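Engineer: One structure, as structure tokens, below. Some questions next.
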Number of protein chains: 2
Amino acid sequence: MIGRLNHVAIAVPDLAAASAQYADVLGATVGAPQDEPDHGVTVVFIELPNTKIELLYPLGDDSPIRGFLDKNPSGGIHHMCFEVEDIIAARDRLKAEGARVLGSGDPKIGAHGKPVLFLHPKDFNGTLIELEQI
Amino acid sequence: MIGRLNHVAIAVPDLAAASAQYADVLGATVGAPQDEPDHGVTVVFIELPNTKIELLYPLGDDSPIRGFLDKNPSGGIHHMCFEVEDIIAARDRLKAEGARVLGSGDPKIGAHGKPVLFLHPKDFNGTLIELEQI
């Protein structure tokens, strides 16, 4: 069911410093910051040859990243995203297996303009998993 | 400098259950457990089309994963691994930029039989980064 690893998302306490570090110290290809007000984050994409790293920084007062950074002031890996061909079929299969889908269970449009869902980390080894339909 | 994302490593409290979940619930291609006594872990590789997930479970009393699971009983993302062409050149560049390399600073032979180093998570947004020479 799951396909490619679309990205690994890292919450960071200083987006400019983290971007500069990936560009200058790790020598990666780093994009410009993009505000995603619908998701409460500013994101920076780092293009690797086979996948992406997504740096996340809170945007607005209700950002879902804020609590994570309060608990992890240095930052940390926030989630990983797998691609699926049919997000409704994937959701229904996961729910039938007893996995919990976060929120209403209806896909939202994610930062890449594609439908996404998040799975409960307690059901997946403490790992927050995003599914994105491609 | 960094190339492909070689793998994302997830420490899990029950290797058989996590393997079955990735195979049966997430529909991924899951390998057989491999003991890596030199690294104090048993690993299961999950092959995605573009990268790998590495499930980690403690092996032996001195496993470096044991403390992580004590702090995170449900498991969690433990590290991510970037490929580099020349690990000594990468190490020297990182040290010159002020990043801390864990341990002696000399590469060890990793689970894939290639030289590896780990970078201090406090220097990289709370993320433990492994570099592997390919």
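Here, A, B, ... name the chains of the structure tokens in the order displayed, residue numbers run from 1 inside each chain, and ligands are numbered from 1 in the same displayed order.
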Go through segment 37-86 of chain A and collect every residue that DSSP, computed from the backbone, puts in strand (DSSP E or B); the answer should be as number ranges by chain.

Structural biologist: A: 41-47, 52-58, 76-84

Engineer: Output N, CA, C and O atoms for every residue in the selection just made, as a short mmCIF file (atom, residue, chain, number, x, y, z; two decimals), in the first residue's frame.

Structural biologist:
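After the write, selection34.cif holds the following:
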data_model
loop_
_atom_site.label_atom_id
_atom_site.label_comp_id
_atom_site.auth_asym_id
_atom_site.auth_seq_id
_atom_site.Cartn_x
_atom_site.Cartn_y
_atom_site.Cartn_z
N VAL A 41 2.12 26.62 9.60
CA VAL A 41 3.57 26.40 9.54
C VAL A 41 4.18 27.22 8.40
O VAL A 41 3.52 27.52 7.41
N THR A 42 5.44 27.55 8.60
CA THR A 42 6.28 27.99 7.49
C THR A 42 7.21 26.82 7.19
O THR A 42 7.78 26.22 8.11
N VAL A 43 7.33 26.48 5.91
CA VAL A 43 8.12 25.29 5.54
C VAL A 43 9.27 25.69 4.62
O VAL A 43 9.17 26.64 3.84
N VAL A 44 10.34 24.94 4.74
CA VAL A 44 11.47 25.02 3.82
C VAL A 44 11.74 23.60 3.34
O VAL A 44 11.89 22.69 4.16
N PHE A 45 11.76 23.41 2.03
CA PHE A 45 12.02 22.09 1.47
C PHE A 45 13.50 21.95 1.11
O PHE A 45 14.08 22.83 0.50
N ILE A 46 14.05 20.82 1.51
CA ILE A 46 15.42 20.47 1.16
C ILE A 46 15.34 19.30 0.20
O ILE A 46 14.78 18.24 0.53
N GLU A 47 15.85 19.50 -1.00
CA GLU A 47 15.75 18.47 -2.05
C GLU A 47 16.95 17.55 -1.98
O GLU A 47 18.09 17.96 -2.22
N LYS A 52 12.70 14.28 0.14
CA LYS A 52 12.83 15.66 0.63
C LYS A 52 12.90 15.66 2.16
O LYS A 52 12.32 14.79 2.82
N ILE A 53 13.56 16.66 2.69
CA ILE A 53 13.43 17.01 4.11
C ILE A 53 12.60 18.28 4.14
O ILE A 53 12.78 19.18 3.31
N GLU A 54 11.66 18.33 5.09
CA GLU A 54 10.77 19.49 5.21
C GLU A 54 11.04 20.10 6.58
O GLU A 54 10.75 19.47 7.60
N LEU A 55 11.62 21.30 6.60
CA LEU A 55 11.81 22.00 7.87
C LEU A 55 10.51 22.73 8.20
O LEU A 55 9.94 23.40 7.34
N LEU A 56 10.06 22.61 9.44
CA LEU A 56 8.80 23.21 9.89
C LEU A 56 9.05 24.22 10.99
O LEU A 56 9.79 23.94 11.93
N TYR A 57 8.38 25.35 10.87
CA TYR A 57 8.47 26.39 11.89
C TYR A 57 7.06 26.92 12.13
O TYR A 57 6.27 27.05 11.18
N PRO A 58 6.69 27.22 13.39
CA PRO A 58 5.31 27.65 13.67
C PRO A 58 4.95 28.94 12.94
O PRO A 58 5.76 29.86 12.82
N GLY A 76 13.28 18.60 16.45
CA GLY A 76 13.30 17.15 16.34
C GLY A 76 12.48 16.69 15.14
O GLY A 76 11.76 17.48 14.52
N ILE A 77 12.60 15.39 14.84
CA ILE A 77 11.83 14.85 13.72
C ILE A 77 10.36 14.80 14.13
O ILE A 77 10.01 14.23 15.16
N HIS A 78 9.51 15.44 13.35
CA HIS A 78 8.10 15.59 13.70
C HIS A 78 7.23 14.50 13.07
O HIS A 78 6.36 13.95 13.71
N HIS A 79 7.43 14.21 11.80
CA HIS A 79 6.67 13.14 11.15
C HIS A 79 7.39 12.67 9.89
O HIS A 79 8.36 13.29 9.46
N MET A 80 6.90 11.57 9.34
CA MET A 80 7.36 11.15 8.01
C MET A 80 6.13 10.89 7.16
O MET A 80 5.07 10.54 7.67
N CYS A 81 6.28 11.10 5.86
CA CYS A 81 5.14 11.06 4.95
C CYS A 81 5.35 10.01 3.87
O CYS A 81 6.33 10.06 3.13
N PHE A 82 4.40 9.07 3.81
CA PHE A 82 4.41 8.04 2.76
C PHE A 82 3.39 8.40 1.70
O PHE A 82 2.29 8.87 2.01
N GLU A 83 3.73 8.10 0.46
CA GLU A 83 2.78 8.31 -0.64
C GLU A 83 1.85 7.10 -0.78
O GLU A 83 2.28 5.95 -0.58
N VAL A 84 0.59 7.37 -1.09
CA VAL A 84 -0.36 6.30 -1.41
C VAL A 84 -1.09 6.70 -2.70
O VAL A 84 -1.19 7.89 -3.03
#

Engineer: Find the residues near segment 103-114 of chain B: any atom within 10 Å, counting only C-alpha atoms, skip ones fewer than 2 places away on the same chain, and give them as a ChimeraX atom specification.

Structural biologist: /B:34-39,41-43,87-88,91-92,95,100-101,116-120,130-134

Engineer: For N, CA and C atoms, I'd like the residues from the last selection saved as a CSV table (one decimal), in the first residue's frame.

Structural biologist:
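Full text of out12.csv as output:
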chain,number,residue,atom,x,y,z
B,34,GLN,N,17.7,-9.2,11.4
B,34,GLN,CA,19.1,-9.5,11.4
B,34,GLN,C,19.8,-9.0,12.6
B,35,ASP,N,20.5,-9.9,13.3
B,35,ASP,CA,21.2,-9.4,14.5
B,35,ASP,C,22.5,-8.7,14.1
B,36,GLU,N,22.7,-7.6,14.8
B,36,GLU,CA,23.9,-6.8,14.5
B,36,GLU,C,24.6,-6.7,15.9
B,37,PRO,N,25.3,-7.7,16.3
B,37,PRO,CA,25.9,-7.7,17.7
B,37,PRO,C,26.9,-6.5,17.9
B,38,ASP,N,27.6,-6.2,16.9
B,38,ASP,CA,28.6,-5.1,17.0
B,38,ASP,C,27.9,-3.7,17.3
B,39,HIS,N,26.6,-3.6,16.9
B,39,HIS,CA,25.9,-2.4,17.1
B,39,HIS,C,24.8,-2.5,18.2
B,41,VAL,N,22.0,-4.1,18.2
B,41,VAL,CA,20.6,-4.0,17.7
B,41,VAL,C,20.3,-5.2,16.9
B,42,THR,N,19.0,-5.5,16.8
B,42,THR,CA,18.4,-6.4,15.8
B,42,THR,C,17.7,-5.5,14.9
B,43,VAL,N,17.9,-5.6,13.5
B,43,VAL,CA,17.3,-4.7,12.6
B,43,VAL,C,16.4,-5.4,11.6
B,87,ILE,N,33.6,9.9,3.6
B,87,ILE,CA,33.1,10.2,5.0
B,87,ILE,C,34.2,11.0,5.7
B,88,ILE,N,35.5,10.8,5.4
B,88,ILE,CA,36.5,11.6,6.1
B,88,ILE,C,36.5,13.0,5.7
B,91,ARG,N,33.4,14.5,7.5
B,91,ARG,CA,33.7,14.7,8.9
B,91,ARG,C,34.6,15.9,9.1
B,92,ASP,N,35.6,16.1,8.3
B,92,ASP,CA,36.5,17.2,8.5
B,92,ASP,C,35.8,18.5,8.2
B,95,LYS,N,33.5,19.2,11.2
B,95,LYS,CA,34.2,19.6,12.4
B,95,LYS,C,34.7,21.1,12.2
B,100,ARG,N,29.7,18.6,16.1
B,100,ARG,CA,30.3,17.6,16.9
B,100,ARG,C,30.0,16.2,16.3
B,101,VAL,N,31.0,15.4,16.2
B,101,VAL,CA,30.9,14.0,15.7
B,101,VAL,C,30.9,13.2,17.0
B,116,VAL,N,30.5,4.5,8.8
B,116,VAL,CA,29.5,5.4,9.3
B,116,VAL,C,30.0,6.3,10.4
B,117,LEU,N,29.4,7.5,10.6
B,117,LEU,CA,29.6,8.4,11.7
B,117,LEU,C,28.2,8.9,12.1
B,118,PHE,N,28.1,9.3,13.4
B,118,PHE,CA,26.9,10.0,13.9
B,118,PHE,C,27.3,11.4,14.4
B,119,LEU,N,26.4,12.3,14.1
B,119,LEU,CA,26.6,13.7,14.5
B,119,LEU,C,25.7,14.0,15.7
B,120,HIS,N,26.2,15.0,16.5
B,120,HIS,CA,25.5,15.3,17.7
B,120,HIS,C,24.1,15.9,17.5
B,130,GLU,N,23.0,10.1,11.0
B,130,GLU,CA,24.1,9.2,10.6
B,130,GLU,C,24.6,9.6,9.2
B,131,LEU,N,25.9,9.5,9.0
B,131,LEU,CA,26.4,9.7,7.6
B,131,LEU,C,27.0,8.3,7.3
B,132,GLU,N,26.7,7.9,6.1
B,132,GLU,CA,27.2,6.6,5.6
B,132,GLU,C,28.0,6.8,4.2
B,133,GLN,N,29.2,6.3,4.2
B,133,GLN,CA,29.9,6.4,2.9
B,133,GLN,C,29.4,5.3,2.0
B,134,ILE,N,29.1,5.7,0.8
B,134,ILE,CA,28.6,4.7,-0.2
B,134,ILE,C,29.6,4.4,-1.3

Engineer: Taking the backbone alone, and naming residues the way the document does, which bits of segment 30-128 of chain B are helix (DSSP H, G or I) by DSSP, as JSON, numbers by chain?

Structural biologist: {"B": [37, 38, 39, 66, 67, 68, 69, 70, 71, 87, 88, 89, 90, 91, 92, 93, 94, 95, 96, 121, 122, 123]}

Engineer: Suppose we keep N, CA, C and O atoms; can you now write the selection as a compact mmCIF listing (two decimals), in the first residue's frame?

Structural biologist:
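Written output follows (selection_37.txt):
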# COMPACT_ATOMS: atom_id res chain seq x y z
N PRO B 37 25.34 -7.74 16.35
CA PRO B 37 25.89 -7.69 17.71
C PRO B 37 26.88 -6.54 17.91
O PRO B 37 26.97 -5.99 19.01
N ASP B 38 27.61 -6.16 16.85
CA ASP B 38 28.58 -5.06 17.00
C ASP B 38 27.89 -3.73 17.29
O ASP B 38 28.52 -2.80 17.81
N HIS B 39 26.61 -3.63 16.95
CA HIS B 39 25.88 -2.37 17.14
C HIS B 39 24.82 -2.49 18.23
O HIS B 39 24.12 -1.52 18.51
N ARG B 66 18.44 0.88 24.06
CA ARG B 66 17.72 0.60 25.31
C ARG B 66 17.27 1.89 26.01
O ARG B 66 16.11 2.03 26.41
N GLY B 67 18.19 2.83 26.16
CA GLY B 67 17.85 4.08 26.84
C GLY B 67 16.78 4.87 26.10
O GLY B 67 15.90 5.48 26.72
N PHE B 68 16.86 4.83 24.77
CA PHE B 68 15.86 5.53 23.96
C PHE B 68 14.48 4.94 24.21
O PHE B 68 13.49 5.67 24.37
N LEU B 69 14.38 3.61 24.27
CA LEU B 69 13.07 2.98 24.51
C LEU B 69 12.60 3.18 25.95
O LEU B 69 11.40 3.24 26.20
N ASP B 70 13.55 3.29 26.89
CA ASP B 70 13.14 3.60 28.26
C ASP B 70 12.45 4.97 28.30
O ASP B 70 11.46 5.16 29.01
N LYS B 71 13.00 5.91 27.53
CA LYS B 71 12.42 7.27 27.51
C LYS B 71 11.18 7.33 26.62
O LYS B 71 10.31 8.19 26.82
N ILE B 87 33.57 9.95 3.59
CA ILE B 87 33.15 10.22 4.97
C ILE B 87 34.22 10.99 5.74
O ILE B 87 33.90 11.78 6.63
N ILE B 88 35.47 10.82 5.38
CA ILE B 88 36.54 11.56 6.07
C ILE B 88 36.47 13.05 5.67
O ILE B 88 36.56 13.94 6.52
N ALA B 89 36.26 13.30 4.39
CA ALA B 89 36.12 14.69 3.95
C ALA B 89 34.88 15.33 4.58
O ALA B 89 34.92 16.49 5.01
N ALA B 90 33.79 14.55 4.66
CA ALA B 90 32.57 15.08 5.28
C ALA B 90 32.81 15.40 6.75
O ALA B 90 32.42 16.46 7.25
N ARG B 91 33.45 14.48 7.46
CA ARG B 91 33.73 14.69 8.88
C ARG B 91 34.58 15.95 9.08
O ARG B 91 34.29 16.79 9.94
N ASP B 92 35.62 16.09 8.28
CA ASP B 92 36.53 17.22 8.48
C ASP B 92 35.82 18.54 8.17
O ASP B 92 36.04 19.54 8.87
N ARG B 93 34.96 18.54 7.15
CA ARG B 93 34.19 19.75 6.84
C ARG B 93 33.24 20.10 8.00
O ARG B 93 33.13 21.25 8.40
N LEU B 94 32.56 19.07 8.54
CA LEU B 94 31.62 19.31 9.63
C LEU B 94 32.34 19.81 10.88
O LEU B 94 31.87 20.74 11.55
N LYS B 95 33.48 19.19 11.19
CA LYS B 95 34.22 19.63 12.38
C LYS B 95 34.73 21.06 12.21
O LYS B 95 34.70 21.85 13.15
N ALA B 96 35.16 21.40 10.99
CA ALA B 96 35.62 22.76 10.74
C ALA B 96 34.49 23.77 10.91
O ALA B 96 34.72 24.93 11.27
N PRO B 121 23.03 15.34 18.03
CA PRO B 121 21.69 15.87 17.72
C PRO B 121 21.49 17.32 18.16
O PRO B 121 20.73 18.06 17.53
N LYS B 122 22.21 17.75 19.20
CA LYS B 122 22.02 19.15 19.64
C LYS B 122 22.54 20.14 18.60
O LYS B 122 22.17 21.31 18.60
N ASP B 123 23.43 19.68 17.73
CA ASP B 123 23.96 20.56 16.69
C ASP B 123 23.08 20.56 15.44
O ASP B 123 23.32 21.33 14.51

Engineer: Counting only C-alpha atoms, give me one row per residue of chain B with an atom at most 8 Å from an atom of chain A, showing the shortest contact pair and its distance in Å to one decimal, sorted by chain then residue number, as CSV.

Structural biologist:
residue,atom,partner,partner_atom,distance
B:Met1,CA,A:Gly27,CA,4.5
B:Ile2,CA,A:Leu26,CA,5.9
B:Gly3,CA,A:Leu48,CA,6.2
B:Arg4,CA,A:Pro49,CA,5.3
B:Leu5,CA,A:Asn50,CA,6.7
B:Ile10,CA,A:Asn125,CA,7.8
B:Ala11,CA,A:Asn125,CA,7.6
B:Val12,CA,A:Asn125,CA,5.7
B:Pro13,CA,A:Asn125,CA,7.4
B:Ala18,CA,A:Asn125,CA,7.3
B:Val25,CA,A:Leu94,CA,6.4
B:Leu26,CA,A:Met1,CA,5.7
B:Gly27,CA,A:Met1,CA,4.5
B:Ala28,CA,A:Ile2,CA,6.2
B:Leu48,CA,A:Arg4,CA,5.8
B:Pro49,CA,A:Arg4,CA,5.3
B:Asn50,CA,A:Arg4,CA,5.6
B:Thr51,CA,A:Leu5,CA,6.9
B:Asn72,CA,A:Gly126,CA,7.6
B:Ser74,CA,A:Gly126,CA,5.0
B:Gly75,CA,A:Asn125,CA,4.7
B:Gly76,CA,A:Gly126,CA,4.5
B:Ile77,CA,A:Thr127,CA,6.3
B:Arg93,CA,A:Val25,CA,7.5
B:Leu94,CA,A:Val25,CA,6.4
B:Glu97,CA,A:Val25,CA,6.6
B:Lys122,CA,A:Ser74,CA,6.6
B:Phe124,CA,A:Ala18,CA,7.8
B:Asn125,CA,A:Gly75,CA,4.7
B:Gly126,CA,A:Gly76,CA,4.4
B:Thr127,CA,A:Gly76,CA,5.2

Engineer: So how far away is atom CA of Ala9 of chain B from atom CA of Pro64 of chain B, in Å?

Structural biologist: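 Spanning atom CA of Pro64 of chain B to atom CA of Ala9 of chain B is a straight-line distance of 13.0 Å.
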
Engineer: Might you pull out every residue within 6 Å of Gly40 of chain A, with only C-alpha atoms counted and same-chain residues fewer than 4 positions away left off, and present them as a PDB file with N, CA, C and O atoms, in the first residue's frame?

Structural biologist:
ATOM      1  N   LEU A  59       3.705  28.989  12.465  1.00  0.00           N
ATOM      2  CA  LEU A  59       3.142  30.207  11.866  1.00  0.00           C
ATOM      3  C   LEU A  59       1.799  30.449  12.547  1.00  0.00           C
ATOM      4  O   LEU A  59       0.914  29.584  12.504  1.00  0.00           O
ATOM      5  N   GLY A  60       1.673  31.595  13.196  1.00  0.00           N
ATOM      6  CA  GLY A  60       0.422  31.917  13.888  1.00  0.00           C
ATOM      7  C   GLY A  60       0.369  31.312  15.281  1.00  0.00           C
ATOM      8  O   GLY A  60       1.224  30.535  15.685  1.00  0.00           O
ATOM      9  N   SER A  63      -0.432  27.184  15.830  1.00  0.00           N
ATOM     10  CA  SER A  63       0.365  26.242  15.045  1.00  0.00           C
ATOM     11  C   SER A  63       0.450  24.882  15.731  1.00  0.00           C
ATOM     12  O   SER A  63       0.722  24.791  16.933  1.00  0.00           O
TER      13      SER A  63
END

Engineer: What is the atom CA of Ile65 of chain B to atom CA of Ser19 of chain A distance in Å?

Structural biologist: 29.1 Å
